[in-house]
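Visitor: query-v9.pdb is reproduced below (PDB, C-alpha atoms, pLDDT in the B column).
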```pdb
ATOM      1  CA  MET A   1     118.458 102.784   2.732  1.00 85.00           C
ATOM      2  CA  ALA A   2     117.550 106.410   2.238  1.00 91.00           C
ATOM      3  CA  TRP A   3     117.011 105.905  -1.501  1.00 94.00           C
ATOM      4  CA  THR A   4     114.859 102.833  -0.869  1.00 95.00           C
ATOM      5  CA  ARG A   5     112.637 104.822   1.480  1.00 95.00           C
ATOM      6  CA  MET A   6     112.456 107.731  -0.950  1.00 96.00           C
ATOM      7  CA  VAL A   7     111.359 105.410  -3.752  1.00 97.00           C
ATOM      8  CA  MET A   8     108.684 103.884  -1.506  1.00 96.00           C
ATOM      9  CA  ILE A   9     107.344 107.327  -0.632  1.00 96.00           C
ATOM     10  CA  SER A  10     107.452 108.485  -4.247  1.00 97.00           C
ATOM     11  CA  ILE A  11     105.459 105.444  -5.357  1.00 96.00           C
ATOM     12  CA  ALA A  12     102.993 105.664  -2.474  1.00 95.00           C
ATOM     13  CA  PHE A  13     102.142 109.287  -3.215  1.00 96.00           C
ATOM     14  CA  ASP A  14     102.662 109.328  -6.989  1.00 96.00           C
ATOM     15  CA  LEU A  15     105.420 111.918  -6.703  1.00 97.00           C
ATOM     16  CA  PRO A  16     106.998 113.185  -9.897  1.00 98.00           C
ATOM     17  CA  ASP A  17     110.492 112.227  -8.711  1.00 98.00           C
ATOM     18  CA  GLU A  18     109.796 108.475  -8.711  1.00 96.00           C
ATOM     19  CA  SER A  19     111.876 107.645 -11.792  1.00 97.00           C
ATOM     20  CA  LEU A  20     114.740 109.877 -10.626  1.00 98.00           C
ATOM     21  CA  THR A  21     114.880 108.322  -7.161  1.00 97.00           C
ATOM     22  CA  ALA A  22     114.598 104.826  -8.647  1.00 97.00           C
ATOM     23  CA  THR A  23     117.445 105.572 -11.062  1.00 97.00           C
ATOM     24  CA  ARG A  24     119.597 106.715  -8.156  1.00 97.00           C
ATOM     25  CA  LEU A  25     118.646 103.622  -6.138  1.00 97.00           C
ATOM     26  CA  PHE A  26     119.691 101.355  -9.024  1.00 97.00           C
ATOM     27  CA  ARG A  27     123.096 103.013  -9.072  1.00 97.00           C
ATOM     28  CA  ASN A  28     123.757 101.301  -5.730  1.00 95.00           C
ATOM     29  CA  ALA A  29     123.465  97.898  -7.436  1.00 95.00           C
ATOM     30  CA  LEU A  30     125.924  98.973 -10.111  1.00 97.00           C
ATOM     31  CA  ASP A  31     128.349 100.282  -7.496  1.00 95.00           C
ATOM     32  CA  MET A  32     128.198  97.044  -5.488  1.00 93.00           C
ATOM     33  CA  GLY A  33     128.662  94.955  -8.617  1.00 95.00           C
ATOM     34  CA  SER A  34     131.666  97.039  -9.654  1.00 95.00           C
ATOM     35  CA  LEU A  35     133.226  96.642  -6.230  1.00 92.00           C
ATOM     36  CA  PHE A  36     132.717  92.883  -6.300  1.00 90.00           C
ATOM     37  CA  ALA A  37     134.148  92.733  -9.826  1.00 93.00           C
ATOM     38  CA  GLU A  38     137.416  94.169  -8.517  1.00 90.00           C
ATOM     39  CA  TYR A  39     137.788  91.354  -5.973  1.00 87.00           C
ATOM     40  CA  CYS A  40     135.795  88.454  -7.407  1.00 88.00           C
ATOM     41  CA  GLY A  41     136.072  89.009 -11.152  1.00 91.00           C
ATOM     42  CA  LYS A  42     133.844  90.651 -13.727  1.00 95.00           C
ATOM     43  CA  GLU A  43     131.514  87.663 -14.042  1.00 95.00           C
ATOM     44  CA  LYS A  44     130.721  87.624 -10.302  1.00 92.00           C
ATOM     45  CA  GLY A  45     130.389  91.406 -10.250  1.00 94.00           C
ATOM     46  CA  ASP A  46     127.934  91.320 -13.143  1.00 97.00           C
ATOM     47  CA  GLN A  47     125.986  88.504 -11.503  1.00 95.00           C
ATOM     48  CA  LEU A  48     125.716  90.459  -8.248  1.00 95.00           C
ATOM     49  CA  THR A  49     124.587  93.569 -10.128  1.00 96.00           C
ATOM     50  CA  LYS A  50     121.823  91.595 -11.862  1.00 96.00           C
ATOM     51  CA  LEU A  51     120.636  90.012  -8.621  1.00 95.00           C
ATOM     52  CA  LEU A  52     120.570  93.361  -6.827  1.00 95.00           C
ATOM     53  CA  GLN A  53     118.842  95.109  -9.728  1.00 96.00           C
ATOM     54  CA  LYS A  54     116.220  92.378  -9.798  1.00 96.00           C
ATOM     55  CA  HIS A  55     115.779  92.763  -6.021  1.00 94.00           C
ATOM     56  CA  LEU A  56     115.246  96.504  -6.369  1.00 96.00           C
ATOM     57  CA  GLN A  57     112.902  96.169  -9.330  1.00 97.00           C
ATOM     58  CA  MET A  58     110.813  93.623  -7.429  1.00 96.00           C
ATOM     59  CA  MET A  59     110.661  95.928  -4.401  1.00 96.00           C
ATOM     60  CA  ILE A  60     109.368  98.711  -6.634  1.00 97.00           C
ATOM     61  CA  GLU A  61     106.817  96.393  -8.239  1.00 96.00           C
ATOM     62  CA  LEU A  62     105.741  95.143  -4.806  1.00 96.00           C
ATOM     63  CA  VAL A  63     105.073  98.655  -3.524  1.00 96.00           C
ATOM     64  CA  ARG A  64     103.204  99.582  -6.706  1.00 95.00           C
ATOM     65  CA  SER A  65     101.074  96.445  -6.711  1.00 95.00           C
ATOM     66  CA  SER A  66     100.354  96.771  -2.992  1.00 94.00           C
ATOM     67  CA  LYS A  67      98.472  99.952  -3.851  1.00 90.00           C
ATOM     68  CA  GLU A  68      96.236  98.283  -6.410  1.00 88.00           C
ATOM     69  CA  ASN A  69      96.304  94.498  -6.584  1.00 91.00           C
ATOM     70  CA  ALA A  70      96.784  92.383  -3.451  1.00 88.00           C
ATOM     71  CA  ALA A  71      96.973  89.088  -5.371  1.00 91.00           C
ATOM     72  CA  GLU A  72      99.692  90.430  -7.645  1.00 94.00           C
ATOM     73  CA  ALA A  73     101.542  91.875  -4.640  1.00 94.00           C
ATOM     74  CA  GLU A  74     101.503  88.474  -2.959  1.00 94.00           C
ATOM     75  CA  LYS A  75     103.055  86.812  -6.024  1.00 95.00           C
ATOM     76  CA  ILE A  76     105.714  89.508  -6.340  1.00 96.00           C
ATOM     77  CA  GLU A  77     106.507  89.221  -2.641  1.00 95.00           C
ATOM     78  CA  HIS A  78     107.044  85.467  -3.036  1.00 95.00           C
ATOM     79  CA  ASP A  79     109.363  86.044  -6.002  1.00 96.00           C
ATOM     80  CA  TRP A  80     111.158  88.825  -4.113  1.00 95.00           C
ATOM     81  CA  PHE A  81     111.964  86.482  -1.234  1.00 94.00           C
ATOM     82  CA  LEU A  82     113.050  83.827  -3.734  1.00 94.00           C
ATOM     83  CA  ASN A  83     115.389  86.353  -5.344  1.00 93.00           C
ATOM     84  CA  ALA A  84     116.885  87.073  -1.900  1.00 91.00           C
ATOM     85  CA  HIS A  85     117.378  83.332  -1.473  1.00 91.00           C
ATOM     86  CA  HIS A  86     119.285  83.240  -4.795  1.00 92.00           C
ATOM     87  CA  LEU A  87     121.325  86.237  -3.689  1.00 91.00           C
ATOM     88  CA  ALA A  88     122.240  84.479  -0.440  1.00 88.00           C
ATOM     89  CA  ASP A  89     123.204  81.321  -2.359  1.00 89.00           C
ATOM     90  CA  PHE A  90     125.361  83.393  -4.693  1.00 90.00           C
ATOM     91  CA  LEU A  91     127.191  85.008  -1.771  1.00 87.00           C
ATOM     92  CA  TYR A  92     127.671  81.624  -0.124  1.00 85.00           C
ATOM     93  CA  GLU A  93     129.301  80.332  -3.336  1.00 86.00           C
ATOM     94  CA  ILE A  94     131.849  83.119  -3.082  1.00 84.00           C
ATOM     95  CA  HIS A  95     132.453  82.704   0.660  1.00 78.00           C
ATOM     96  CA  PRO A  96     131.591  79.117   1.659  1.00 74.00           C
ATOM     97  CA  TYR A  97     133.000  79.538   5.169  1.00 73.00           C
ATOM     98  CA  GLN A  98     130.217  81.915   6.148  1.00 70.00           C
ATOM     99  CA  PRO A  99     127.139  79.792   6.980  1.00 69.00           C
ATOM    100  CA  ASN A 100     124.518  80.057   4.234  1.00 67.00           C
ATOM    101  CA  GLU A 101     121.802  80.134   6.908  1.00 75.00           C
ATOM    102  CA  SER A 102     123.139  83.453   8.182  1.00 77.00           C
ATOM    103  CA  PHE A 103     122.825  84.950   4.695  1.00 80.00           C
ATOM    104  CA  GLN A 104     119.306  83.533   4.348  1.00 84.00           C
ATOM    105  CA  GLN A 105     118.141  84.754   7.767  1.00 88.00           C
ATOM    106  CA  ILE A 106     119.551  88.241   7.427  1.00 88.00           C
ATOM    107  CA  PHE A 107     118.060  88.758   3.966  1.00 89.00           C
ATOM    108  CA  ALA A 108     114.662  87.338   4.971  1.00 91.00           C
ATOM    109  CA  HIS A 109     114.495  89.602   8.019  1.00 93.00           C
ATOM    110  CA  TYR A 110     115.597  92.582   5.937  1.00 93.00           C
ATOM    111  CA  LEU A 111     112.881  91.999   3.341  1.00 94.00           C
ATOM    112  CA  THR A 112     110.247  91.542   6.021  1.00 95.00           C
ATOM    113  CA  LEU A 113     111.210  94.886   7.525  1.00 96.00           C
ATOM    114  CA  LEU A 114     111.155  96.610   4.129  1.00 95.00           C
ATOM    115  CA  LYS A 115     107.739  95.187   3.362  1.00 94.00           C
ATOM    116  CA  THR A 116     106.447  96.305   6.750  1.00 95.00           C
ATOM    117  CA  ALA A 117     107.820  99.801   6.185  1.00 96.00           C
ATOM    118  CA  SER A 118     106.088 100.021   2.812  1.00 95.00           C
ATOM    119  CA  VAL A 119     102.796  98.881   4.370  1.00 94.00           C
ATOM    120  CA  PHE A 120     103.156 101.578   7.024  1.00 96.00           C
ATOM    121  CA  ILE A 121     103.826 104.215   4.354  1.00 96.00           C
ATOM    122  CA  LEU A 122     100.963 103.085   2.131  1.00 95.00           C
ATOM    123  CA  SER A 123      98.532 102.994   5.054  1.00 95.00           C
ATOM    124  CA  GLY A 124      99.555 106.406   6.399  1.00 95.00           C
ATOM    125  CA  HIS A 125     101.243 105.127   9.561  1.00 97.00           C
ATOM    126  CA  PHE A 126     104.173 107.459   9.124  1.00 94.00           C
ATOM    127  CA  TYR A 127     105.483 107.354  12.684  1.00 96.00           C
ATOM    128  CA  SER A 128     105.734 103.568  12.465  1.00 96.00           C
ATOM    129  CA  SER A 129     107.396 103.795   9.049  1.00 94.00           C
ATOM    130  CA  ILE A 130     110.038 106.061  10.556  1.00 94.00           C
ATOM    131  CA  THR A 131     110.624 104.008  13.701  1.00 95.00           C
ATOM    132  CA  ILE A 132     111.075 100.781  11.731  1.00 96.00           C
ATOM    133  CA  TYR A 133     113.778 102.524   9.713  1.00 94.00           C
ATOM    134  CA  ASP A 134     116.233 101.977  12.591  1.00 93.00           C
ATOM    135  CA  GLN A 135     115.668  98.223  12.382  1.00 95.00           C
ATOM    136  CA  ILE A 136     116.066  98.297   8.603  1.00 95.00           C
ATOM    137  CA  GLU A 137     119.289 100.216   8.971  1.00 93.00           C
ATOM    138  CA  GLU A 138     120.571  97.645  11.496  1.00 93.00           C
ATOM    139  CA  GLN A 139     119.857  94.822   9.030  1.00 91.00           C
ATOM    140  CA  ALA A 140     121.465  96.763   6.192  1.00 91.00           C
ATOM    141  CA  LEU A 141     124.592  97.128   8.325  1.00 91.00           C
ATOM    142  CA  LYS A 142     124.617  93.370   8.927  1.00 88.00           C
ATOM    143  CA  ILE A 143     124.385  92.807   5.184  1.00 87.00           C
ATOM    144  CA  SER A 144     127.181  95.320   4.620  1.00 87.00           C
ATOM    145  CA  SER A 145     129.284  93.443   7.155  1.00 86.00           C
ATOM    146  CA  LEU A 146     128.687  90.181   5.302  1.00 84.00           C
ATOM    147  CA  PHE A 147     129.675  91.824   2.018  1.00 84.00           C
ATOM    148  CA  TYR A 148     132.833  93.136   3.682  1.00 85.00           C
ATOM    149  CA  LYS A 149     133.714  89.652   4.993  1.00 82.00           C
ATOM    150  CA  ILE A 150     133.254  88.239   1.511  1.00 82.00           C
ATOM    151  CA  LEU A 151     135.525  90.860   0.001  1.00 84.00           C
ATOM    152  CA  LEU A 152     138.166  90.215   2.670  1.00 80.00           C
ATOM    153  CA  TYR A 153     137.927  86.486   2.052  1.00 76.00           C
ATOM    154  CA  THR A 154     138.296  86.854  -1.707  1.00 77.00           C
ATOM    155  CA  ASN A 155     141.167  89.315  -1.292  1.00 66.00           C
ATOM    156  CA  LYS A 156     143.078  86.762   0.815  1.00 60.00           C
ATOM    157  CA  ASN A 157     142.560  84.048  -1.781  1.00 54.00           C
TER     158      ASN A 157
END
```
What's the structure tokens form of this structure?
Guide:
Amino acid sequence: MAWTRMVMISIAFDLPDESLTATRLFRNALDMGSLFAEYCGKEKGDQLTKLLQKHLQMMIELVRSSKENAAEAEKIEHDWFLNAHHLADFLYEIHPYQPNESFQQIFAHYLTLLKTASVFILSGHFYSSITIYDQIEEQALKISSLFYKILLYTNKN
């Protein structure tokens, strides 16, 4: 979460560390994919990495376009939510005993919070962008818990 926020801030204020923070953020996707590869196989690990990288790239594009082109931002936001839907479907395929709706709801809420945080940052409402961070962190922990359940499930099978 910290790297996501740092990337948002770097984009919002055209900071020179944007590419460095984005590179570090993308490492999280690689790490998650590698972890999943150990338990679910290389193919599933690679698929997760691609979905997460696409999610992160779309988040970056959404923040950038929100600064300049509202119509483009709206399209990217739609695609970003669709990507989260694909991610939830992918996780459900791995762990079909966890209701797909829970994946969908958690990811949708998470993305809504991230979008709201970026709007706060871009509009200079910094206190609000900081206070919403607690909610984002709570959702991220729920997602982490789902990932953990999936890894436990696959380890048992």
Visitor: Please report the interatomic distance between CA of Val63 in chain A and CA of Ala88 in chain A in Å with one decimal.
Guide: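 Going from CA of Val63 in chain A over to CA of Ala88 in chain A covers 22.5 Å.
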Visitor: For Leu48 in chain A, which residue among A:Phe147, A:Arg64, A:Phe107, A:Trp80 is the nearest when counting only C-alpha atoms?
Guide: A:Phe147
Visitor: At most 12 Å from (114.9, 85.7, -6.4), file frame, all atoms listed in the file: which residues, as a PyMOL selection string?
Guide: chain A and resi 48+50-59+75-90+104+107-108+111
Visitor: Using CA of Lys44 in chain A and CA of Ile150 in chain A as the two end points, give the distance in Å to one decimal.
Guide: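 It comes out at 12.1 Å.
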Visitor: With all atoms listed in the file as the atoms that count, which of A:Tyr133, A:Tyr92, A:Trp3, A:Tyr148 lies nearest to Ala22 in chain A?
Guide: A:Trp3
Visitor: Rounded to one decimal in Å, what is the spacing between CA of Leu146 in chain A and CA of Met32 in chain A?
Guide: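 CA of Leu146 in chain A sits 12.8 Å away from CA of Met32 in chain A.
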Visitor: Looking at A:Tyr153, A:Phe13, A:Phe26, A:Tyr97, which one is nearest to Cys40 in chain A, with distances taken over all atoms listed in the file?
Guide: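 Of A:Tyr153, A:Phe13, A:Phe26, A:Tyr97, the one nearest Cys40 in chain A, counting all atoms listed in the file, is A:Tyr153.
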Visitor: Applied to the shown file, which residues does the PyMOL selection byres ((chain A and resi 24) around 12) return, written as number ranges by chain?
Guide: A: 1-4, 6-7, 17-23, 25-31, 53, 56
Visitor: Give me the result of the PyMOL selection byres ((chain A and resi 137) around 12) on this file, residue by residue, as a VMD selection string.
Guide: chain A and resid 1 to 2 4 to 5 109 to 111 113 to 114 117 130 to 136 138 to 144
Visitor: So for range 144-152 of chain A, what box centre and size do we get, axis-aligned, 8 Å extra on each of the six sides, every listed atom, Å to one decimal, as JSON?
Guide:
```
{"center_x": 132.7, "center_y": 91.8, "center_z": 3.6, "size_x": 27.0, "size_y": 23.1, "size_z": 23.2}
```
Visitor: Show which residues sit within 9 Å of range 122-124 of chain A, as number ranges by chain. Count all atoms listed in the file, and ignore same-chain residues fewer than 6 positions away.
Guide: A: 8-9, 12-13, 63, 66-67
Visitor: Given all atoms listed in the file as the basis, pick out the residue of A:Glu74, A:Leu151, A:Pro96, A:Leu91 nearest to Lys115 in chain A.
Guide: A:Glu74
